[in-house]
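Asker: What follows is the file run.txt, containing compact mmCIF, C-alpha atoms and all ligand atoms:
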# COMPACT_ATOMS: atom_id res chain seq x y z
CA MET A 160 -24.65 -77.91 -12.66
CA ARG A 161 -22.57 -78.93 -9.64
CA LEU A 162 -19.09 -77.47 -9.36
CA HIS A 163 -16.29 -79.96 -8.70
CA ARG A 164 -13.44 -78.76 -6.59
CA ASN A 165 -10.55 -80.22 -8.61
CA LEU A 166 -11.97 -78.85 -11.89
CA VAL A 167 -12.48 -75.37 -10.46
CA PHE A 168 -8.96 -75.40 -9.01
CA ALA A 169 -7.54 -76.54 -12.35
CA THR A 170 -9.37 -73.62 -14.01
CA ILE A 171 -8.01 -71.12 -11.46
CA ASP A 172 -4.46 -72.49 -11.90
CA SER A 173 -4.74 -72.15 -15.69
CA LEU A 174 -6.00 -68.58 -15.40
CA HIS A 175 -3.15 -67.69 -13.07
CA GLU A 176 -0.64 -68.79 -15.71
CA ILE A 177 -2.46 -67.08 -18.59
CA PHE A 178 -3.11 -63.76 -16.85
CA ASN A 179 -0.15 -63.42 -14.50
CA GLU A 180 2.61 -65.31 -16.28
CA ASP A 181 1.70 -64.16 -19.79
CA LYS A 182 1.42 -67.71 -21.13
CA GLN A 183 -0.69 -68.65 -24.15
CA ALA A 184 -4.13 -70.02 -23.28
CA ASP A 185 -4.03 -73.02 -25.65
CA LYS A 186 -0.60 -74.13 -24.39
CA VAL A 187 -1.57 -73.75 -20.74
CA LEU A 188 -4.76 -75.74 -21.27
CA LYS A 189 -2.96 -78.49 -23.11
CA ASN A 190 -0.85 -79.02 -19.99
CA THR A 191 -3.66 -78.61 -17.49
CA LEU A 192 -5.80 -81.19 -19.27
CA LYS A 193 -3.04 -83.77 -18.88
CA ARG A 194 -3.15 -83.34 -15.13
CA ASP A 195 -5.70 -86.01 -14.19
CA LYS A 196 -6.16 -89.14 -16.27
CA ARG A 197 -9.51 -89.83 -14.59
CA TRP A 198 -11.13 -86.74 -16.11
CA GLY A 199 -13.72 -87.59 -18.71
CA SER A 200 -14.62 -85.51 -21.74
CA ARG A 201 -17.17 -83.47 -19.73
CA ASP A 202 -14.60 -82.63 -17.06
CA ARG A 203 -12.04 -81.59 -19.63
CA GLY A 204 -14.69 -79.63 -21.50
CA PHE A 205 -15.60 -77.78 -18.30
CA VAL A 206 -12.00 -76.73 -17.60
CA ALA A 207 -11.31 -75.70 -21.20
CA GLU A 208 -14.56 -73.84 -21.80
CA THR A 209 -14.62 -72.10 -18.42
CA THR A 210 -11.02 -70.99 -18.81
CA TYR A 211 -11.70 -69.62 -22.31
CA ASP A 212 -14.89 -67.93 -21.10
CA MET A 213 -13.04 -66.20 -18.30
CA VAL A 214 -10.23 -65.13 -20.60
CA ARG A 215 -12.82 -63.73 -23.01
CA TRP A 216 -14.67 -61.80 -20.32
CA LYS A 217 -11.62 -60.84 -18.23
CA ARG A 218 -12.16 -57.09 -18.24
CA LEU A 219 -15.88 -57.30 -17.54
CA TYR A 220 -15.54 -59.88 -14.76
CA ALA A 221 -12.62 -58.06 -13.12
CA GLU A 222 -14.62 -54.85 -13.16
CA ILE A 223 -17.69 -56.53 -11.66
CA ALA A 224 -15.56 -58.29 -9.04
CA GLU A 225 -13.70 -55.01 -8.37
CA VAL A 226 -10.28 -56.60 -8.67
CA LYS A 227 -7.17 -55.46 -10.52
CA GLU A 228 -4.24 -57.15 -12.27
CA PRO A 229 -2.06 -58.97 -11.35
CA PHE A 230 -4.82 -61.17 -9.97
CA SER A 231 -4.13 -62.92 -6.67
CA ARG A 232 -5.71 -66.37 -6.24
CA PRO A 233 -8.48 -65.00 -4.00
CA ASN A 234 -9.23 -62.45 -6.71
CA LEU A 235 -9.31 -65.13 -9.41
CA PHE A 236 -11.89 -66.90 -7.24
CA ARG A 237 -13.88 -63.66 -7.04
CA MET A 238 -13.88 -63.48 -10.84
CA PHE A 239 -14.89 -67.12 -11.01
CA THR A 240 -17.81 -66.29 -8.72
CA VAL A 241 -18.92 -63.67 -11.23
CA TRP A 242 -18.77 -66.23 -14.03
CA ALA A 243 -20.77 -68.80 -12.05
CA THR A 244 -23.35 -66.28 -10.81
CA LEU A 245 -24.01 -64.90 -14.29
CA LYS A 246 -24.43 -68.46 -15.56
CA GLY A 247 -26.92 -69.19 -12.78
CA ILE A 248 -24.69 -71.87 -11.26
CA LYS A 249 -25.12 -72.55 -7.55
CA ILE A 250 -22.06 -71.40 -5.63
CA PRO A 251 -20.78 -74.15 -3.30
CA GLU A 252 -20.05 -73.50 0.36
CA TRP A 253 -16.29 -73.52 0.04
CA PRO A 254 -14.17 -71.00 1.97
CA GLN A 255 -13.06 -69.46 -1.37
CA PHE A 256 -16.64 -68.43 -2.09
CA GLU A 257 -17.65 -66.98 1.27
CA ASN A 258 -20.19 -64.14 1.16
CA THR A 259 -20.81 -64.09 -2.57
CA PRO A 260 -22.71 -60.85 -3.31
CA THR A 261 -25.03 -62.40 -5.93
CA ARG A 262 -27.38 -59.41 -6.19
CA ARG A 263 -24.56 -56.93 -6.47
CA ILE A 264 -22.92 -58.99 -9.23
CA LYS A 265 -26.08 -58.92 -11.32
CA GLY A 266 -26.61 -55.21 -10.68
CA ARG A 267 -23.06 -54.33 -11.69
CA PHE A 268 -23.38 -56.51 -14.78
CA ASP A 269 -26.49 -54.63 -15.91
CA GLU A 270 -24.85 -51.27 -15.24
CA LEU A 271 -21.53 -52.08 -16.97
CA SER A 272 -23.24 -53.68 -19.96
CA LYS A 273 -24.25 -50.20 -21.09
CA VAL A 274 -20.63 -49.40 -21.97
CA ARG A 275 -19.25 -51.23 -25.04
CA VAL A 276 -15.67 -51.75 -23.78
CA MET A 277 -17.12 -53.44 -20.70
CA ARG A 278 -20.02 -55.25 -22.37
CA GLU A 279 -17.70 -56.72 -24.98
CA SER A 280 -14.77 -56.94 -22.58
CA ILE A 281 -12.09 -55.37 -24.75
CA PRO A 282 -9.18 -52.97 -24.19
CA ASP A 283 -9.89 -49.29 -24.97
CA TRP A 284 -7.32 -49.19 -27.78
CA LEU A 285 -9.02 -52.09 -29.56
CA ASP A 286 -12.41 -50.40 -29.35
CA GLU A 287 -10.97 -47.19 -30.79
CA LEU A 288 -9.28 -49.15 -33.58
CA GLY A 289 -12.46 -51.08 -34.37
CA VAL A 290 -14.47 -47.87 -34.68
CA LYS A 291 -11.77 -46.19 -36.77
CA GLU A 292 -11.55 -49.15 -39.17
CA LEU A 293 -15.13 -50.40 -39.32
CA GLY A 294 -17.27 -47.48 -38.14
CA LYS A 295 -20.81 -48.55 -37.26
CA LYS A 296 -20.15 -52.17 -38.27
CA TRP A 297 -17.77 -52.61 -35.32
CA ASP A 298 -20.55 -53.03 -32.76
CA LYS A 299 -21.96 -56.10 -34.49
CA GLU A 300 -18.60 -57.61 -35.34
CA ILE A 301 -17.11 -57.43 -31.86
CA ALA A 302 -20.31 -58.93 -30.44
CA ALA A 303 -20.06 -61.81 -32.95
CA LEU A 304 -16.38 -62.28 -32.10
CA ASN A 305 -17.30 -62.83 -28.45
CA GLN A 306 -19.42 -65.89 -29.27
CA GLN A 307 -17.96 -69.31 -28.74
CA ALA A 308 -16.54 -70.72 -31.98
CA ASP A 309 -18.11 -73.74 -33.64
CA VAL A 310 -15.95 -76.77 -34.25
CA VAL A 311 -15.77 -77.28 -38.02
CA LEU A 312 -14.15 -80.20 -39.82
CA ARG A 313 -12.77 -80.30 -43.34
CA VAL A 314 -13.13 -83.71 -44.89
CA ASN A 315 -10.08 -84.97 -46.78
CA PRO A 316 -11.44 -86.22 -50.13
CA LEU A 317 -8.30 -88.31 -50.65
CA LYS A 318 -9.39 -90.56 -47.81
CA ALA A 319 -13.14 -90.27 -47.26
CA THR A 320 -16.39 -88.68 -48.30
CA VAL A 321 -18.36 -86.22 -46.18
CA GLU A 322 -20.97 -88.92 -45.67
CA GLN A 323 -18.41 -91.44 -44.43
CA VAL A 324 -16.99 -89.01 -41.88
CA LYS A 325 -20.49 -88.09 -40.75
CA ASN A 326 -21.41 -91.75 -40.23
CA GLU A 327 -18.15 -92.63 -38.52
CA LEU A 328 -18.57 -89.80 -36.01
CA SER A 329 -22.23 -90.59 -35.56
CA ASP A 330 -21.20 -94.08 -34.38
CA LEU A 331 -19.23 -92.29 -31.65
CA GLU A 332 -22.34 -90.23 -30.82
CA ILE A 333 -20.84 -87.08 -32.28
CA GLY A 334 -23.50 -85.33 -34.34
CA THR A 335 -22.44 -83.24 -37.34
CA ASP A 336 -24.14 -81.27 -40.10
CA PRO A 337 -22.97 -80.22 -43.55
CA ILE A 338 -22.71 -76.47 -44.24
CA LYS A 339 -24.29 -75.13 -47.41
CA GLY A 340 -21.71 -73.64 -49.75
CA TYR A 341 -18.76 -75.45 -48.11
CA PRO A 342 -18.41 -78.78 -49.93
CA TYR A 343 -16.01 -80.45 -47.49
CA ALA A 344 -17.24 -78.99 -44.20
CA LEU A 345 -19.07 -80.60 -41.30
CA VAL A 346 -19.97 -78.61 -38.19
CA LEU A 347 -20.26 -80.36 -34.83
CA ARG A 348 -23.66 -80.02 -33.15
CA GLU A 349 -21.94 -79.98 -29.77
CA ARG A 350 -18.30 -79.57 -28.84
CA ALA A 351 -16.52 -82.92 -28.67
CA ASN A 352 -12.99 -84.23 -28.80
CA VAL A 353 -12.70 -85.54 -32.34
CA PHE A 354 -8.93 -86.06 -32.18
CA THR A 355 -9.20 -89.45 -30.52
CA SER A 356 -11.42 -90.87 -33.27
CA ASP A 357 -9.98 -93.38 -35.74
CA ALA A 358 -11.35 -91.24 -38.56
CA PHE A 359 -9.05 -88.39 -37.46
CA LYS A 360 -6.08 -90.65 -36.80
CA ASN A 361 -6.52 -92.10 -40.30
CA GLY A 362 -6.50 -88.66 -41.91
CA TRP A 363 -10.15 -88.57 -42.95
CA PHE A 364 -10.55 -84.99 -41.76
CA GLU A 365 -8.83 -81.98 -40.23
CA VAL A 366 -10.32 -79.36 -37.92
CA GLN A 367 -10.50 -76.14 -39.96
CA ASP A 368 -12.94 -73.25 -39.69
CA ALA A 369 -15.43 -72.85 -42.54
CA SER A 370 -14.13 -69.40 -43.55
CA SER A 371 -10.59 -70.73 -43.72
CA GLN A 372 -11.80 -73.45 -46.11
CA LYS A 373 -12.70 -70.75 -48.63
CA VAL A 374 -9.07 -69.76 -49.16
CA ALA A 375 -7.89 -72.86 -51.05
CA ALA A 376 -11.20 -72.82 -52.93
CA LEU A 377 -10.48 -69.28 -54.16
CA LEU A 378 -6.94 -70.27 -55.15
CA ASP A 379 -8.54 -73.14 -57.13
CA PRO A 380 -5.42 -75.29 -57.67
CA LYS A 381 -5.58 -77.97 -60.38
CA PRO A 382 -3.88 -81.39 -60.51
CA GLY A 383 -0.45 -81.12 -62.08
CA MET A 384 0.17 -77.49 -61.19
CA ARG A 385 3.04 -76.04 -59.19
CA VAL A 386 1.54 -74.18 -56.24
CA ILE A 387 3.41 -72.25 -53.56
CA ASP A 388 1.95 -71.74 -50.09
CA ALA A 389 4.37 -69.05 -48.94
CA CYS A 390 3.26 -68.72 -45.30
CA ALA A 391 2.24 -72.31 -44.76
CA GLY A 392 2.68 -72.60 -41.00
CA ALA A 393 1.60 -76.06 -39.88
CA GLY A 394 -0.23 -76.47 -43.15
CA GLY A 395 -3.96 -76.00 -42.53
CA LYS A 396 -4.40 -74.63 -46.03
CA THR A 397 -1.50 -76.54 -47.64
CA LEU A 398 -3.26 -79.82 -46.89
CA HIS A 399 -6.45 -78.50 -48.39
CA ILE A 400 -4.62 -77.30 -51.54
CA ALA A 401 -2.82 -80.64 -51.96
CA SER A 402 -6.04 -82.62 -51.52
CA LEU A 403 -7.80 -80.49 -54.16
CA MET A 404 -4.94 -81.35 -56.50
CA GLY A 405 -5.59 -85.05 -55.93
CA ASN A 406 -1.94 -85.58 -54.98
CA LYS A 407 -0.90 -84.63 -58.52
CA GLY A 408 1.53 -81.81 -59.19
CA ASN A 409 3.69 -80.08 -56.64
CA VAL A 410 2.94 -77.95 -53.60
CA ILE A 411 5.82 -76.01 -52.07
CA ALA A 412 5.06 -75.13 -48.46
CA MET A 413 7.24 -72.38 -47.02
CA ASP A 414 7.61 -70.68 -43.66
CA ILE A 415 10.29 -69.04 -41.56
CA TYR A 416 9.79 -71.58 -38.75
CA ASN A 417 11.10 -75.08 -39.20
CA ASN A 418 9.06 -76.56 -36.36
CA LYS A 419 5.85 -75.56 -38.14
CA LEU A 420 7.00 -77.22 -41.35
CA THR A 421 7.91 -80.37 -39.42
CA GLU A 422 4.37 -80.48 -38.03
CA LEU A 423 3.04 -79.89 -41.55
CA LYS A 424 4.93 -82.96 -42.84
CA ARG A 425 3.52 -85.07 -40.00
CA ARG A 426 -0.02 -83.95 -40.87
CA ALA A 427 0.56 -84.59 -44.58
CA ARG A 428 1.55 -88.20 -43.83
CA ARG A 429 -1.64 -88.69 -41.82
CA ASN A 430 -3.65 -87.21 -44.71
CA GLY A 431 -2.07 -89.57 -47.26
CA ILE A 432 -0.61 -86.59 -49.13
CA HIS A 433 2.70 -86.96 -50.91
CA ASN A 434 2.95 -84.01 -53.29
CA ILE A 435 4.10 -81.45 -50.69
CA GLU A 436 7.68 -80.28 -50.43
CA THR A 437 8.66 -77.96 -47.57
CA ARG A 438 11.18 -75.14 -47.83
CA LEU A 439 12.39 -73.10 -44.91
CA ILE A 440 12.78 -69.40 -45.74
CA ASP A 441 16.14 -68.73 -44.14
CA SER A 442 17.44 -66.27 -46.73
CA THR A 443 16.18 -64.21 -49.66
CA LYS A 444 17.83 -66.77 -51.99
CA VAL A 445 15.05 -69.26 -51.26
CA ILE A 446 12.53 -66.86 -52.81
CA LYS A 447 14.79 -65.74 -55.66
CA LYS A 448 15.15 -69.33 -56.86
CA LEU A 449 11.40 -69.53 -57.34
CA ILE A 450 10.81 -66.28 -59.24
CA GLU A 451 8.09 -66.81 -61.85
CA LYS A 452 8.03 -70.54 -61.13
CA ALA A 453 4.52 -71.02 -59.72
CA ASP A 454 1.13 -71.32 -61.37
CA LYS A 455 -0.46 -70.19 -58.14
CA VAL A 456 0.88 -68.55 -54.99
CA LEU A 457 -0.93 -68.22 -51.70
CA ILE A 458 0.19 -65.59 -49.19
CA ASP A 459 -1.76 -66.49 -46.06
CA SER A 460 -0.19 -63.58 -44.33
CA PRO A 461 0.67 -63.01 -40.68
CA CYS A 462 -1.95 -60.59 -39.33
CA THR A 463 -3.55 -59.26 -36.17
CA GLY A 464 -5.85 -62.28 -36.09
CA LEU A 465 -8.77 -60.02 -35.23
CA GLY A 466 -11.09 -62.25 -37.26
CA VAL A 467 -10.43 -65.25 -35.03
CA LEU A 468 -10.92 -63.71 -31.58
CA LYS A 469 -13.65 -66.30 -30.95
CA ARG A 470 -10.96 -68.93 -31.01
CA ASN A 471 -8.12 -66.95 -29.45
CA PRO A 472 -9.75 -64.59 -26.96
CA ASP A 473 -6.48 -64.09 -25.11
CA SER A 474 -4.93 -62.34 -28.10
CA LYS A 475 -6.92 -59.18 -27.29
CA TRP A 476 -5.03 -58.96 -24.00
CA LYS A 477 -1.63 -59.96 -25.38
CA MET A 478 -1.65 -57.71 -28.47
CA ASN A 479 -0.71 -54.04 -28.31
CA PRO A 480 -1.67 -51.16 -30.61
CA ASP A 481 1.84 -50.84 -32.11
CA PHE A 482 1.54 -54.37 -33.45
CA LEU A 483 -0.87 -53.26 -36.16
CA GLU A 484 1.64 -50.89 -37.77
CA THR A 485 4.41 -53.48 -37.69
CA ILE A 486 2.21 -56.17 -39.20
CA ILE A 487 0.87 -53.90 -41.96
CA GLN A 488 4.47 -53.14 -42.94
CA LYS A 489 5.33 -56.87 -42.91
CA GLN A 490 2.29 -57.72 -45.08
CA ALA A 491 3.33 -55.14 -47.67
CA GLU A 492 6.87 -56.58 -47.75
CA LEU A 493 5.56 -60.12 -48.19
CA LEU A 494 3.24 -59.06 -51.01
CA ASP A 495 6.08 -57.25 -52.81
CA SER A 496 8.54 -60.10 -52.43
CA TYR A 497 6.46 -63.30 -52.69
CA SER A 498 4.28 -62.10 -55.58
CA ARG A 499 7.42 -62.39 -57.74
CA MET A 500 7.09 -66.20 -57.57
CA VAL A 501 3.90 -66.12 -59.69
CA LYS A 502 4.34 -67.02 -63.37
CA PRO A 503 2.92 -64.66 -66.02
CA GLU A 504 -0.81 -65.37 -66.21
CA GLY A 505 -0.61 -67.17 -62.87
CA ASP A 506 -2.72 -66.40 -59.80
CA LEU A 507 -1.95 -64.84 -56.46
CA VAL A 508 -4.23 -65.12 -53.43
CA TYR A 509 -3.58 -62.82 -50.49
CA ALA A 510 -5.46 -63.82 -47.33
CA THR A 511 -5.66 -62.82 -43.68
CA CYS A 512 -7.78 -63.84 -40.71
CA SER A 513 -8.37 -60.19 -39.91
CA ILE A 514 -11.42 -57.97 -40.34
CA LEU A 515 -9.50 -54.69 -40.55
CA PRO A 516 -9.60 -53.00 -43.99
CA SER A 517 -6.06 -51.69 -43.46
CA GLU A 518 -4.72 -55.26 -43.43
CA ASN A 519 -7.06 -56.37 -46.19
CA GLN A 520 -8.65 -54.42 -49.05
CA LYS A 521 -6.52 -51.31 -48.40
CA GLN A 522 -3.36 -53.42 -48.31
CA VAL A 523 -4.22 -54.98 -51.69
CA LYS A 524 -5.13 -51.63 -53.20
CA LYS A 525 -1.78 -50.18 -52.14
CA PHE A 526 0.07 -53.19 -53.55
CA LEU A 527 -1.63 -52.80 -56.93
CA ALA A 528 -0.59 -49.14 -56.98
CA ARG A 529 3.08 -49.94 -56.26
CA GLU A 530 5.75 -50.84 -58.82
CA GLU A 531 5.77 -54.46 -57.50
CA GLY A 532 2.04 -54.82 -58.08
CA LYS A 533 1.75 -53.16 -61.47
CA ASN A 534 1.87 -56.54 -63.27
CA PHE A 535 -1.20 -57.80 -61.43
CA THR A 536 -4.89 -57.33 -62.12
CA PHE A 537 -7.48 -57.49 -59.39
CA VAL A 538 -9.99 -60.31 -60.05
CA LYS A 539 -12.14 -60.53 -56.92
CA GLU A 540 -12.16 -60.47 -53.14
CA GLU A 541 -14.18 -61.95 -50.30
CA ILE A 542 -14.67 -60.01 -47.11
CA ILE A 543 -16.00 -62.49 -44.59
CA LEU A 544 -17.39 -60.80 -41.50
CA PRO A 545 -18.10 -62.97 -38.45
CA SER A 546 -21.54 -61.45 -37.85
CA ALA A 547 -22.77 -62.43 -41.32
CA SER A 548 -21.01 -65.77 -41.73
CA GLY A 549 -21.28 -67.11 -38.17
CA PHE A 550 -17.70 -68.33 -38.62
CA ASP A 551 -14.27 -66.68 -38.42
CA GLY A 552 -13.60 -63.30 -39.98
CA PHE A 553 -11.40 -63.64 -43.06
CA TYR A 554 -10.29 -61.69 -46.09
CA MET A 555 -9.05 -63.07 -49.39
CA ALA A 556 -8.23 -61.44 -52.70
CA LEU A 557 -7.51 -63.10 -56.04
CA LEU A 558 -5.07 -61.26 -58.34
CA LYS A 559 -3.93 -62.38 -61.77
CA LYS A 560 -0.45 -61.74 -63.11
CA ASN A 561 -0.50 -60.10 -66.54
CA PRO A 562 0.68 -62.11 -69.59
CA SER A 563 3.82 -60.19 -70.42
CA THR A 564 6.30 -59.13 -67.82
CA ASP A 565 9.70 -57.54 -68.00
CA GLU A 566 10.56 -58.76 -64.50
CA LYS A 567 13.48 -61.16 -63.81
C1 LIG B 601 -1.68 -66.92 -40.77
S1 LIG B 601 -0.35 -67.90 -40.39
C2 LIG B 601 -0.46 -69.19 -41.56
C3 LIG B 601 -1.47 -70.24 -41.26
C4 LIG B 601 -1.39 -71.41 -42.21
N1 LIG B 601 -1.33 -71.01 -43.59
C5 LIG B 601 -2.55 -72.36 -42.02
O1 LIG B 601 -3.47 -72.39 -42.84
O2 LIG B 601 -2.54 -73.10 -41.03
C6 LIG B 601 1.00 -66.99 -41.01
C7 LIG B 601 2.28 -67.77 -41.09
O3 LIG B 601 3.28 -66.92 -41.66
C8 LIG B 601 4.51 -67.27 -41.11
N2 LIG B 601 5.44 -66.17 -41.38
C9 LIG B 601 5.76 -65.09 -40.63
N3 LIG B 601 6.64 -64.32 -41.26
C10 LIG B 601 6.90 -64.91 -42.45
C11 LIG B 601 7.75 -64.60 -43.56
N4 LIG B 601 8.52 -63.54 -43.54
N5 LIG B 601 7.76 -65.44 -44.59
C12 LIG B 601 6.97 -66.56 -44.61
N6 LIG B 601 6.17 -66.90 -43.60
C13 LIG B 601 6.14 -66.09 -42.53
C14 LIG B 601 4.21 -67.56 -39.67
O4 LIG B 601 5.19 -68.38 -39.10
C15 LIG B 601 2.85 -68.24 -39.77
O5 LIG B 601 3.01 -69.63 -39.81
As structure tokens - that is how I would like this structure written.
Ligand SMILES: C[S@@+](CC[C@H](N)C(=O)[O-])C[C@H]1O[C@@H](n2cnc3c(N)ncnc32)[C@H](O)[C@@H]1O

Answerer:
Amino acid sequence: MRLHRNLVFATIDSLHEIFNEDKQADKVLKNTLKRDKRWGSRDRGFVAETTYDMVRWKRLYAEIAEVKEPFSRPNLFRMFTVWATLKGIKIPEWPQFENTPTRRIKGRFDELSKVRVMRESIPDWLDELGVKELGKKWDKEIAALNQQADVVLRVNPLKATVEQVKNELSDLEIGTDPIKGYPYALVLRERANVFTSDAFKNGWFEVQDASSQKVAALLDPKPGMRVIDACAGAGGKTLHIASLMGNKGNVIAMDIYNNKLTELKRRARRNGIHNIETRLIDSTKVIKKLIEKADKVLIDSPCTGLGVLKRNPDSKWKMNPDFLETIIQKQAELLDSYSRMVKPEGDLVYATCSILPSENQKQVKKFLAREEGKNFTFVKEEIILPSASGFDGFYMALLKKNPSTDEK
């Protein structure tokens, strides 16, 4: 591979903003990739993937390069040199790369790889938390979470079949494969920009990880039901729920951020979905009005996101250990409050994209032991670990509300 100056500089500029200005990697990249209209998909892929790689391996590369934060531009180039050397890429003779100590880089890599926090490039607090929560399993999970994520599509059955999407993308030379056990999923053989395809623009599919596609399946909504997606965000799972209902019945998508709900409505139009109603949660009244009104409620709760580090490697640098306690408290509050919207004999699914038992199975256990959870019966749960599934880490539990309730 030959390194192109403008692509390397774009990568360094992106890293400067992510590391030194505390900006979010996806937002920074979105802007960087608009910079040069002449860039083809390979060029854009190089900038995006290299930036994500360097974010993922920040601690390891900084340690090998012997540089400290905040990273000056020369130091970002030193880290880039580590990346290129370890990938076996020939370092060009640019002034930024003078005297690259190739041998020393490899030697330091071998030495540092013996220590997990360096090998897996994670902060000490995260390693301690992982061990505390997952014990011996942590080693495998954090290694799996450092792999690059696959691009997975969820076909929208209201518009197309899996076969149609596969053929349409194949015409664009984008190879895909079905995934056993995931009826609407197609995984890309190689990363590609699928957003410019007509199939995407016409709502034939959404990009959604395979594990995430299991959530609506567990909720199992039926046409004609009233279903509430209480933490809908921009609607990844709402769209799936509505499509499983064949546009029949009513899906209420709620969130505390209006901009996310606006995006959800835009996506619903593209998907040809018209049974979704959005409601902004701007007071407790919004929830009270819906008490015991839903056949099924999904709480796709805010969480640490530790199951999706593959996709958001910068979150390990932006998160801090106090966040876990705050989020566990928030999850308990949401369970207590939003579970009231389930009708007697209705279903509640609680889901997170975390792999920590304290946000998942322990959270559900505590809910069932509290006054607010006493009307629910545990049905089943799925603990999806990234090492076993190859996809994102997820947790989901199905609870059934008991027939008689004295609540109101
Ligand atoms: C895990 S994300 C949801 C992702 C979304 N369901 C999807 O599939 O794309 C959690 C969502 O909860 C929202 N949220 C945070 N606090 C909330 C609250 N108190 N009530 C409802 N939603 C909340 C966040 O804005 C965020 O969109």

Asker: Is it possible to get the axis-aligned box enclosing ligand LIG 601 (chain B) (all listed atoms, 4 Å extra per side) as lines of an AutoDock Vina configuration file, with centre and edge lengths in Å rounded to one decimal?

Answerer:
center_x = 2.5
center_y = -68.3
center_z = -41.9
size_x = 20.0
size_y = 17.6
size_z = 13.5

Asker: Could you check the closest approach to Ile514 (chain A) for each of A:Ile487, A:Ile338, A:Leu420, A:Leu465 and tell me which residue wins, using only C-alpha atoms?

Answerer: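 Comparing A:Ile487, A:Ile338, A:Leu420, A:Leu465 against Ile514 (chain A), the winner is A:Leu465.
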
Asker: What is the atom C15 of ligand LIG 601 (chain B) to CA of Arg499 (chain A) distance in Å?

Answerer: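 CA of Arg499 (chain A) lies at a distance of 19.4 Å from atom C15 of ligand LIG 601 (chain B).
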
Asker: What is the CA of Asp202 (chain A) to CA of Val310 (chain A) distance in Å?

Answerer: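 Calculated distance between CA of Asp202 (chain A) and CA of Val310 (chain A) is 18.2 Å.
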
Asker: Do you have the CA of Cys512 (chain A)-CA of Phe359 (chain A) distance handy?

Answerer: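 Computing it gives 24.8 Å between the two atoms.
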
Asker: When the cut-off is 6 Å and you count only C-alpha atoms and all ligand atoms, which residues lie near ligand LIG 601 (chain B), shown as a PDB file with C-alpha atoms, keeping the file's coordinate frame?

Answerer:
ATOM      1  CA  ALA A 389       4.370 -69.050 -48.940  1.00  0.00           C
ATOM      2  CA  CYS A 390       3.260 -68.720 -45.300  1.00  0.00           C
ATOM      3  CA  ALA A 391       2.240 -72.310 -44.760  1.00  0.00           C
ATOM      4  CA  GLY A 392       2.680 -72.600 -41.000  1.00  0.00           C
ATOM      5  CA  ALA A 393       1.600 -76.060 -39.880  1.00  0.00           C
ATOM      6  CA  GLY A 394      -0.230 -76.470 -43.150  1.00  0.00           C
ATOM      7  CA  GLY A 395      -3.960 -76.000 -42.530  1.00  0.00           C
ATOM      8  CA  LYS A 396      -4.400 -74.630 -46.030  1.00  0.00           C
ATOM      9  CA  ASP A 414       7.610 -70.680 -43.660  1.00  0.00           C
ATOM     10  CA  ILE A 415      10.290 -69.040 -41.560  1.00  0.00           C
ATOM     11  CA  TYR A 416       9.790 -71.580 -38.750  1.00  0.00           C
ATOM     12  CA  ASP A 459      -1.760 -66.490 -46.060  1.00  0.00           C
ATOM     13  CA  SER A 460      -0.190 -63.580 -44.330  1.00  0.00           C
ATOM     14  CA  PRO A 461       0.670 -63.010 -40.680  1.00  0.00           C
TER      15      PRO A 461
END

Asker: Point out the residue among A:Arg348, A:Leu317, A:Ala303, A:Val290 with the least atom-to-atom distance to Met404 (chain A), counting all atoms listed in the file.

Answerer: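 With all atoms listed in the file as the atom set, the closest residue is A:Leu317.
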
Asker: Find the residues around region 251-261 of chain A up to 10 Å (all atoms listed in the file counted), leave out those fewer than 4 positions away in its own chain, and share them as a list of chain:residue names.

Answerer: A:Arg161, A:Leu162, A:His163, A:Arg164, A:Ala224, A:Arg232, A:Pro233, A:Asn234, A:Leu235, A:Phe236, A:Arg237, A:Phe239, A:Thr240, A:Val241, A:Ala243, A:Thr244, A:Leu245, A:Gly247, A:Lys265, A:Gly266

Asker: Considering all atoms listed in the file, return as a list in words whatever protein or nucleic-acid residues lie within 12 Å of Leu544 (chain A), sequence-local ones (same chain, fewer than 6 positions apart) excluded.

Answerer: Leu293, Lys296, Trp297, Lys299, Glu300, Ile301, Ala302, Ala303, Leu304, Ser370, Leu465, Gly466, Val467, Cys512, Ser513, Ile514, Leu515, Pro516, Phe550, Asp551, Gly552, Phe553, Tyr554 and Met555 of chain A

Asker: For those residues, write C-alpha atoms to a file as a short mmCIF file (atom, residue, chain, number, x, y, z; two decimals), keeping the file's coordinate frame.

Answerer:
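again_23.cif written:
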data_model
loop_
_atom_site.label_atom_id
_atom_site.label_comp_id
_atom_site.auth_asym_id
_atom_site.auth_seq_id
_atom_site.Cartn_x
_atom_site.Cartn_y
_atom_site.Cartn_z
CA LEU A 293 -15.13 -50.40 -39.32
CA LYS A 296 -20.15 -52.17 -38.27
CA TRP A 297 -17.77 -52.61 -35.32
CA LYS A 299 -21.96 -56.10 -34.49
CA GLU A 300 -18.60 -57.61 -35.34
CA ILE A 301 -17.11 -57.43 -31.86
CA ALA A 302 -20.31 -58.93 -30.44
CA ALA A 303 -20.06 -61.81 -32.95
CA LEU A 304 -16.38 -62.28 -32.10
CA SER A 370 -14.13 -69.40 -43.55
CA LEU A 465 -8.77 -60.02 -35.23
CA GLY A 466 -11.09 -62.25 -37.26
CA VAL A 467 -10.43 -65.25 -35.03
CA CYS A 512 -7.78 -63.84 -40.71
CA SER A 513 -8.37 -60.19 -39.91
CA ILE A 514 -11.42 -57.97 -40.34
CA LEU A 515 -9.50 -54.69 -40.55
CA PRO A 516 -9.60 -53.00 -43.99
CA PHE A 550 -17.70 -68.33 -38.62
CA ASP A 551 -14.27 -66.68 -38.42
CA GLY A 552 -13.60 -63.30 -39.98
CA PHE A 553 -11.40 -63.64 -43.06
CA TYR A 554 -10.29 -61.69 -46.09
CA MET A 555 -9.05 -63.07 -49.39
#
